[in-house]
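The next block holds one structure in the form of structure tokens; read it before the comments.
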Amino acid sequence: MREACGTSLSKRGAAAFAAALTFTGAPSLALAQPRQQSHAPAAAQGGLFQDQSEASAKRYATPDGTVRFVFDRTLGRIALVRFEGDPEVHVLQPVAAAGGGEIYRTDDSNVILRVTPHGGIIVYTRLHRTGAPASEVADAQPLEPEAVAQAYMRERLRQLQAEAARKVGQQVTFDTPVQVNSAASGIVLDAAERAAQGLADAPMTTVRHVVITIGSQPGVIMREETLTIQVAPQMGFAGRPSSATIRNVVTGQVQGPQQ
């Protein structure tokens, strides 16, 4: 078995990556602005919020306590949400809602939250398909990838390879850049986690090689048996494709560039 994690981009993966002039992904991600470059109020940046006090990270819960989540609106135009019990941070894009307020959708168009004209929060889940009100519980820290040690990242990548092989039924190797600084390590590892989840959700996948690279914008393409994911660490969680987008590319619901 070839040990792939911790290696640089393979010749095959590099050729496939260089041949693609564009990436398949959500346009909303390409428009996201890096957190560290955002110093002006959200309204001044053309963002959603007219009141800077709304640009915050808060913990919410439904009245019965079955749904708990952090809703982070500190990035301006986009927002982030992490549900308790779900390891994935979802990147949300707001659109105007009928009757006022905003609807927040994931990059595969699923409605997750609605902010009412009066600032109330409605959350939509599998158990609350018609929506359930959520109340603010406490302040929260903004959702940002944590820096991880190189040794931990390599060990976790080996675990992901083993997990992917069990779920897919065949060997899947993961390639990442040899040198990843601490600022980028968290989002690189998170992208690998999202890839593993996306493959697990894609029945009969033909992917045998996952290549993660670093660039200025997030994206994902698939060529033959190689899935190439580009991450943009400066954009935080918005700098990597979601597991749903990866699943859609792998299953052909979203077509990547053709040779």
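Every chain in the structure tokens has a letter given in the order shown (A, B, ...), and although residue numbers restart at 1 in each chain, ligands are simply numbered from 1 in the order shown.
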In segment 150-209 of chain A, DSSP helix (DSSP H, G or I) residues written as a VMD selection string: chain A and resid 150 to 168 182 to 200
Output N, CA and C atoms for every residue in the selection just made, as a compact mmCIF listing (two decimals), in the first residue's frame.
```txt
# COMPACT_ATOMS: atom_id res chain seq x y z
N GLN A 150 1.70 19.21 12.99
CA GLN A 150 1.94 18.39 11.81
C GLN A 150 1.79 16.90 12.11
N ALA A 151 2.31 16.48 13.24
CA ALA A 151 2.23 15.06 13.59
C ALA A 151 0.79 14.60 13.72
N TYR A 152 -0.02 15.44 14.36
CA TYR A 152 -1.44 15.08 14.51
C TYR A 152 -2.13 15.04 13.15
N MET A 153 -1.84 16.02 12.28
CA MET A 153 -2.48 16.06 10.98
C MET A 153 -2.14 14.81 10.17
N ARG A 154 -0.88 14.40 10.18
CA ARG A 154 -0.49 13.21 9.43
C ARG A 154 -1.16 11.96 9.98
N GLU A 155 -1.23 11.86 11.30
CA GLU A 155 -1.89 10.69 11.89
C GLU A 155 -3.37 10.68 11.56
N ARG A 156 -3.99 11.84 11.60
CA ARG A 156 -5.42 11.91 11.27
C ARG A 156 -5.66 11.58 9.80
N LEU A 157 -4.77 11.99 8.92
CA LEU A 157 -4.90 11.66 7.51
C LEU A 157 -4.81 10.15 7.30
N ARG A 158 -3.91 9.49 8.04
CA ARG A 158 -3.83 8.03 7.94
C ARG A 158 -5.14 7.39 8.40
N GLN A 159 -5.72 7.94 9.46
CA GLN A 159 -7.00 7.41 9.93
C GLN A 159 -8.10 7.62 8.90
N LEU A 160 -8.11 8.79 8.25
CA LEU A 160 -9.11 9.07 7.23
C LEU A 160 -8.97 8.12 6.04
N GLN A 161 -7.73 7.79 5.68
CA GLN A 161 -7.53 6.82 4.60
C GLN A 161 -8.15 5.48 4.96
N ALA A 162 -7.92 5.04 6.20
CA ALA A 162 -8.45 3.76 6.63
C ALA A 162 -9.98 3.80 6.69
N GLU A 163 -10.53 4.90 7.22
CA GLU A 163 -11.98 5.03 7.30
C GLU A 163 -12.61 5.05 5.91
N ALA A 164 -11.99 5.81 4.99
CA ALA A 164 -12.52 5.90 3.64
C ALA A 164 -12.48 4.54 2.96
N ALA A 165 -11.41 3.79 3.17
CA ALA A 165 -11.30 2.47 2.55
C ALA A 165 -12.41 1.55 3.04
N ARG A 166 -12.73 1.62 4.33
CA ARG A 166 -13.81 0.78 4.88
C ARG A 166 -15.15 1.16 4.29
N LYS A 167 -15.41 2.46 4.17
CA LYS A 167 -16.72 2.91 3.70
C LYS A 167 -16.88 2.76 2.19
N VAL A 168 -15.78 2.97 1.45
CA VAL A 168 -15.85 2.88 0.00
C VAL A 168 -15.68 1.44 -0.47
N SER A 182 1.18 26.46 10.35
CA SER A 182 0.16 26.27 11.38
C SER A 182 -1.14 26.99 11.04
N ALA A 183 -1.04 28.12 10.32
CA ALA A 183 -2.24 28.86 9.96
C ALA A 183 -3.10 28.10 8.96
N ALA A 184 -2.47 27.26 8.14
CA ALA A 184 -3.20 26.53 7.10
C ALA A 184 -3.53 25.11 7.50
N SER A 185 -2.87 24.57 8.51
CA SER A 185 -3.02 23.15 8.83
C SER A 185 -4.45 22.78 9.19
N GLY A 186 -5.13 23.66 9.93
CA GLY A 186 -6.49 23.34 10.35
C GLY A 186 -7.45 23.21 9.19
N ILE A 187 -7.38 24.12 8.22
CA ILE A 187 -8.32 24.08 7.10
C ILE A 187 -7.96 22.95 6.14
N VAL A 188 -6.66 22.62 6.01
CA VAL A 188 -6.27 21.48 5.18
C VAL A 188 -6.84 20.19 5.77
N LEU A 189 -6.71 20.03 7.07
CA LEU A 189 -7.25 18.83 7.70
C LEU A 189 -8.77 18.81 7.62
N ASP A 190 -9.40 19.97 7.80
CA ASP A 190 -10.86 20.01 7.71
C ASP A 190 -11.31 19.65 6.30
N ALA A 191 -10.59 20.09 5.28
CA ALA A 191 -10.93 19.73 3.91
C ALA A 191 -10.84 18.22 3.70
N ALA A 192 -9.83 17.60 4.31
CA ALA A 192 -9.71 16.15 4.23
C ALA A 192 -10.88 15.46 4.92
N GLU A 193 -11.30 15.99 6.05
CA GLU A 193 -12.47 15.45 6.76
C GLU A 193 -13.72 15.57 5.90
N ARG A 194 -13.91 16.71 5.26
CA ARG A 194 -15.07 16.92 4.41
C ARG A 194 -15.02 15.98 3.19
N ALA A 195 -13.81 15.74 2.68
CA ALA A 195 -13.67 14.82 1.55
C ALA A 195 -14.08 13.41 1.96
N ALA A 196 -13.61 12.99 3.13
CA ALA A 196 -13.96 11.65 3.60
C ALA A 196 -15.47 11.51 3.77
N GLN A 197 -16.11 12.56 4.31
CA GLN A 197 -17.56 12.51 4.47
C GLN A 197 -18.26 12.51 3.13
N GLY A 198 -17.79 13.34 2.21
CA GLY A 198 -18.40 13.39 0.88
C GLY A 198 -18.31 12.06 0.16
N LEU A 199 -17.17 11.37 0.29
CA LEU A 199 -17.02 10.06 -0.34
C LEU A 199 -17.93 9.03 0.31
N ALA A 200 -18.05 9.10 1.62
CA ALA A 200 -18.93 8.16 2.32
C ALA A 200 -20.38 8.33 1.90
```
Best match for closeness to Glu84 of chain A among A:Gly215, A:Pro203, A:Pro133, A:Gly65, counting only C-alpha atoms: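 Ranking A:Gly215, A:Pro203, A:Pro133, A:Gly65 by distance to Glu84 of chain A, first place goes to A:Gly65.
Distances from A:Met235, A:Ala61, A:Val89, A:Ala147 to Ile214 of chain A were compared using only C-alpha atoms, and the smallest one belongs to A:Met235.
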Computed interatomic separation between atom CA of Gln253 of chain A and atom CA of Pro94 of chain A (Å): 23.0 Å
Selected residue of minimal separation from Gly120 of chain A among A:Tyr60, A:Thr173, A:Val95, A:Asn181, counting only C-alpha atoms: A:Tyr60
Close residues, Gly100 of chain A itself excluded, 12 Å, only C-alpha atoms, min 6 positions apart in chain, as a list in words: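 The filter keeps Arg114, Val115, Thr116, Pro117, His118, Gly119 and Gly120 of chain A.
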Pull N, CA and C atoms from the residues just selected and write them as an mmCIF file, in the first residue's frame.
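out-v5.cif, freshly written:
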```cif
data_model
loop_
_atom_site.group_PDB
_atom_site.id
_atom_site.type_symbol
_atom_site.label_atom_id
_atom_site.label_comp_id
_atom_site.auth_asym_id
_atom_site.auth_seq_id
_atom_site.Cartn_x
_atom_site.Cartn_y
_atom_site.Cartn_z
ATOM 1 N N ARG A 114 -33.510 30.963 8.941
ATOM 2 C CA ARG A 114 -34.167 32.184 8.494
ATOM 3 C C ARG A 114 -34.089 33.204 9.613
ATOM 4 N N VAL A 115 -33.707 34.411 9.244
ATOM 5 C CA VAL A 115 -33.735 35.532 10.178
ATOM 6 C C VAL A 115 -34.958 36.358 9.831
ATOM 7 N N THR A 116 -35.876 36.504 10.759
ATOM 8 C CA THR A 116 -37.123 37.216 10.515
ATOM 9 C C THR A 116 -36.858 38.723 10.469
ATOM 10 N N PRO A 117 -37.814 39.501 9.957
ATOM 11 C CA PRO A 117 -37.625 40.960 9.908
ATOM 12 C C PRO A 117 -37.348 41.578 11.275
ATOM 13 N N HIS A 118 -37.788 40.909 12.334
ATOM 14 C CA HIS A 118 -37.581 41.442 13.688
ATOM 15 C C HIS A 118 -36.376 40.815 14.379
ATOM 16 N N GLY A 119 -35.594 40.031 13.630
ATOM 17 C CA GLY A 119 -34.371 39.476 14.194
ATOM 18 C C GLY A 119 -34.518 38.093 14.796
ATOM 19 N N GLY A 120 -35.699 37.492 14.734
ATOM 20 C CA GLY A 120 -35.874 36.138 15.243
ATOM 21 C C GLY A 120 -35.174 35.114 14.371
#
```
Interatomic distance, atom CA of Ala79 of chain A to atom CA of Ala57 of chain A (Å, one decimal):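 Atom CA of Ala57 of chain A lies 9.4 Å from atom CA of Ala79 of chain A.
Straight-line separation from atom CA of Val81 of chain A to atom CA of Val207 of chain A: 28.6 Å.
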Taking the DSSP assignment computed from this structure's backbone, write out as an mmCIF file with N, CA and C atoms, in the first residue's frame all residues of segment 47-162 of chain A that belong to strand (DSSP E or B).
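Resulting contents of out-v5.cif:
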```cif
data_model
loop_
_atom_site.group_PDB
_atom_site.id
_atom_site.type_symbol
_atom_site.label_atom_id
_atom_site.label_comp_id
_atom_site.auth_asym_id
_atom_site.auth_seq_id
_atom_site.Cartn_x
_atom_site.Cartn_y
_atom_site.Cartn_z
ATOM 1 N N ALA A 57 -21.197 36.217 16.940
ATOM 2 C CA ALA A 57 -21.366 34.769 17.024
ATOM 3 C C ALA A 57 -22.150 34.455 18.292
ATOM 4 N N LYS A 58 -23.227 33.706 18.144
ATOM 5 C CA LYS A 58 -24.113 33.402 19.275
ATOM 6 C C LYS A 58 -24.464 31.921 19.292
ATOM 7 N N ARG A 59 -24.763 31.430 20.472
ATOM 8 C CA ARG A 59 -25.297 30.083 20.628
ATOM 9 C C ARG A 59 -26.817 30.165 20.691
ATOM 10 N N TYR A 60 -27.473 29.238 19.982
ATOM 11 C CA TYR A 60 -28.934 29.191 19.944
ATOM 12 C C TYR A 60 -29.412 27.784 20.259
ATOM 13 N N ALA A 61 -30.668 27.694 20.668
ATOM 14 C CA ALA A 61 -31.284 26.396 20.926
ATOM 15 C C ALA A 61 -32.781 26.504 20.693
ATOM 16 N N ARG A 68 -29.220 22.527 18.921
ATOM 17 C CA ARG A 68 -28.355 23.566 19.465
ATOM 18 C C ARG A 68 -27.283 23.882 18.437
ATOM 19 N N PHE A 69 -26.965 25.141 18.285
ATOM 20 C CA PHE A 69 -25.998 25.498 17.258
ATOM 21 C C PHE A 69 -25.366 26.850 17.545
ATOM 22 N N VAL A 70 -24.212 27.060 16.906
ATOM 23 C CA VAL A 70 -23.543 28.367 16.912
ATOM 24 C C VAL A 70 -23.785 29.009 15.563
ATOM 25 N N PHE A 71 -24.236 30.235 15.569
ATOM 26 C CA PHE A 71 -24.495 31.006 14.358
ATOM 27 C C PHE A 71 -23.522 32.172 14.366
ATOM 28 N N ASP A 72 -22.590 32.149 13.433
ATOM 29 C CA ASP A 72 -21.504 33.129 13.383
ATOM 30 C C ASP A 72 -21.739 34.076 12.210
ATOM 31 N N ALA A 79 -22.220 33.672 6.357
ATOM 32 C CA ALA A 79 -22.339 33.301 7.759
ATOM 33 C C ALA A 79 -21.912 31.850 7.901
ATOM 34 N N LEU A 80 -21.641 31.456 9.129
ATOM 35 C CA LEU A 80 -21.255 30.082 9.428
ATOM 36 C C LEU A 80 -22.182 29.524 10.497
ATOM 37 N N VAL A 81 -22.430 28.223 10.440
ATOM 38 C CA VAL A 81 -23.213 27.576 11.484
ATOM 39 C C VAL A 81 -22.627 26.198 11.756
ATOM 40 N N ARG A 82 -22.566 25.863 13.024
ATOM 41 C CA ARG A 82 -22.146 24.516 13.438
ATOM 42 C C ARG A 82 -23.182 23.986 14.420
ATOM 43 N N PHE A 83 -23.784 22.856 14.065
ATOM 44 C CA PHE A 83 -24.776 22.230 14.925
ATOM 45 C C PHE A 83 -24.090 21.326 15.943
ATOM 46 N N HIS A 90 -20.915 24.702 8.464
ATOM 47 C CA HIS A 90 -21.601 24.969 7.205
ATOM 48 C C HIS A 90 -21.487 26.443 6.848
ATOM 49 N N VAL A 91 -21.127 26.707 5.607
ATOM 50 C CA VAL A 91 -21.004 28.070 5.094
ATOM 51 C C VAL A 91 -22.338 28.457 4.464
ATOM 52 N N LEU A 92 -22.912 29.555 4.913
ATOM 53 C CA LEU A 92 -24.249 29.954 4.494
ATOM 54 C C LEU A 92 -24.225 31.278 3.750
ATOM 55 N N GLN A 93 -25.089 31.356 2.749
ATOM 56 C CA GLN A 93 -25.235 32.583 1.965
ATOM 57 C C GLN A 93 -26.659 33.104 2.147
ATOM 58 N N PRO A 94 -26.835 34.390 2.474
ATOM 59 C CA PRO A 94 -28.184 34.917 2.679
ATOM 60 C C PRO A 94 -28.833 35.382 1.383
ATOM 61 N N VAL A 95 -30.138 35.178 1.305
ATOM 62 C CA VAL A 95 -30.950 35.734 0.219
ATOM 63 C C VAL A 95 -32.199 36.331 0.862
ATOM 64 N N ALA A 96 -32.779 37.302 0.197
ATOM 65 C CA ALA A 96 -33.971 37.945 0.740
ATOM 66 C C ALA A 96 -35.123 36.947 0.807
ATOM 67 N N GLU A 102 -34.171 37.398 5.973
ATOM 68 C CA GLU A 102 -33.246 36.693 5.095
ATOM 69 C C GLU A 102 -33.319 35.191 5.325
ATOM 70 N N ILE A 103 -33.089 34.444 4.254
ATOM 71 C CA ILE A 103 -32.954 32.994 4.314
ATOM 72 C C ILE A 103 -31.488 32.662 4.091
ATOM 73 N N TYR A 104 -30.961 31.753 4.889
ATOM 74 C CA TYR A 104 -29.567 31.330 4.759
ATOM 75 C C TYR A 104 -29.520 29.922 4.189
ATOM 76 N N ARG A 105 -28.809 29.794 3.058
ATOM 77 C CA ARG A 105 -28.698 28.515 2.356
ATOM 78 C C ARG A 105 -27.252 28.020 2.358
ATOM 79 N N VAL A 111 -31.938 25.129 2.679
ATOM 80 C CA VAL A 111 -32.257 26.202 3.624
ATOM 81 C C VAL A 111 -31.967 25.708 5.037
ATOM 82 N N ILE A 112 -31.139 26.451 5.756
ATOM 83 C CA ILE A 112 -30.760 26.066 7.116
ATOM 84 C C ILE A 112 -31.396 26.981 8.156
ATOM 85 N N LEU A 113 -31.346 28.290 7.895
ATOM 86 C CA LEU A 113 -31.838 29.258 8.867
ATOM 87 C C LEU A 113 -32.625 30.353 8.169
ATOM 88 N N ARG A 114 -33.510 30.963 8.941
ATOM 89 C CA ARG A 114 -34.167 32.184 8.494
ATOM 90 C C ARG A 114 -34.089 33.204 9.613
ATOM 91 N N VAL A 115 -33.707 34.411 9.244
ATOM 92 C CA VAL A 115 -33.735 35.532 10.178
ATOM 93 C C VAL A 115 -34.958 36.358 9.831
ATOM 94 N N ILE A 121 -34.850 33.966 14.940
ATOM 95 C CA ILE A 121 -34.147 32.906 14.222
ATOM 96 C C ILE A 121 -35.054 31.679 14.092
ATOM 97 N N ILE A 122 -35.206 31.198 12.867
ATOM 98 C CA ILE A 122 -35.929 29.954 12.586
ATOM 99 C C ILE A 122 -34.913 28.968 12.012
ATOM 100 N N VAL A 123 -34.880 27.747 12.560
ATOM 101 C CA VAL A 123 -33.925 26.751 12.106
ATOM 102 C C VAL A 123 -34.667 25.600 11.438
ATOM 103 N N ALA A 132 -38.332 25.660 13.151
ATOM 104 C CA ALA A 132 -38.584 25.765 14.583
ATOM 105 C C ALA A 132 -37.885 27.020 15.093
ATOM 106 N N PRO A 133 -38.523 27.765 15.983
ATOM 107 C CA PRO A 133 -37.869 28.958 16.524
ATOM 108 C C PRO A 133 -36.681 28.580 17.391
ATOM 109 N N ALA A 134 -35.656 29.392 17.359
ATOM 110 C CA ALA A 134 -34.477 29.176 18.194
ATOM 111 C C ALA A 134 -34.181 30.458 18.955
ATOM 112 N N SER A 135 -33.849 30.308 20.217
ATOM 113 C CA SER A 135 -33.575 31.459 21.069
ATOM 114 C C SER A 135 -32.087 31.551 21.375
ATOM 115 N N GLU A 136 -31.633 32.761 21.546
ATOM 116 C CA GLU A 136 -30.237 32.976 21.901
ATOM 117 C C GLU A 136 -29.965 32.449 23.301
ATOM 118 N N VAL A 137 -28.882 31.704 23.430
ATOM 119 C CA VAL A 137 -28.516 31.117 24.721
ATOM 120 C C VAL A 137 -27.326 31.843 25.335
ATOM 121 N N ALA A 138 -26.316 32.119 24.513
ATOM 122 C CA ALA A 138 -25.110 32.756 25.042
ATOM 123 C C ALA A 138 -24.258 33.259 23.886
ATOM 124 N N ASP A 139 -23.286 34.090 24.223
ATOM 125 C CA ASP A 139 -22.292 34.484 23.229
ATOM 126 C C ASP A 139 -21.414 33.288 22.893
#
```
Arg208 of chain A environment, 8 Å, only C-alpha atoms, sequence neighbours closer than 2 positions dropped, as a PDB file with C-alpha atoms, in the first residue's frame:
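What follows is the written file out.pdb:
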```pdb
ATOM      1  CA  GLN A 170     -11.402   0.036  -1.788  1.00  0.00           C
ATOM      2  CA  GLN A 171      -8.177   1.846  -0.998  1.00  0.00           C
ATOM      3  CA  VAL A 172      -8.353   5.663  -1.027  1.00  0.00           C
ATOM      4  CA  THR A 173      -5.157   7.665  -0.532  1.00  0.00           C
ATOM      5  CA  THR A 206     -14.700   5.607  -8.212  1.00  0.00           C
ATOM      6  CA  VAL A 210      -7.747  12.631  -2.919  1.00  0.00           C
ATOM      7  CA  GLU A 225     -10.104   8.347 -10.082  1.00  0.00           C
ATOM      8  CA  THR A 226      -8.518  11.530  -8.692  1.00  0.00           C
TER       9      THR A 226
END
```
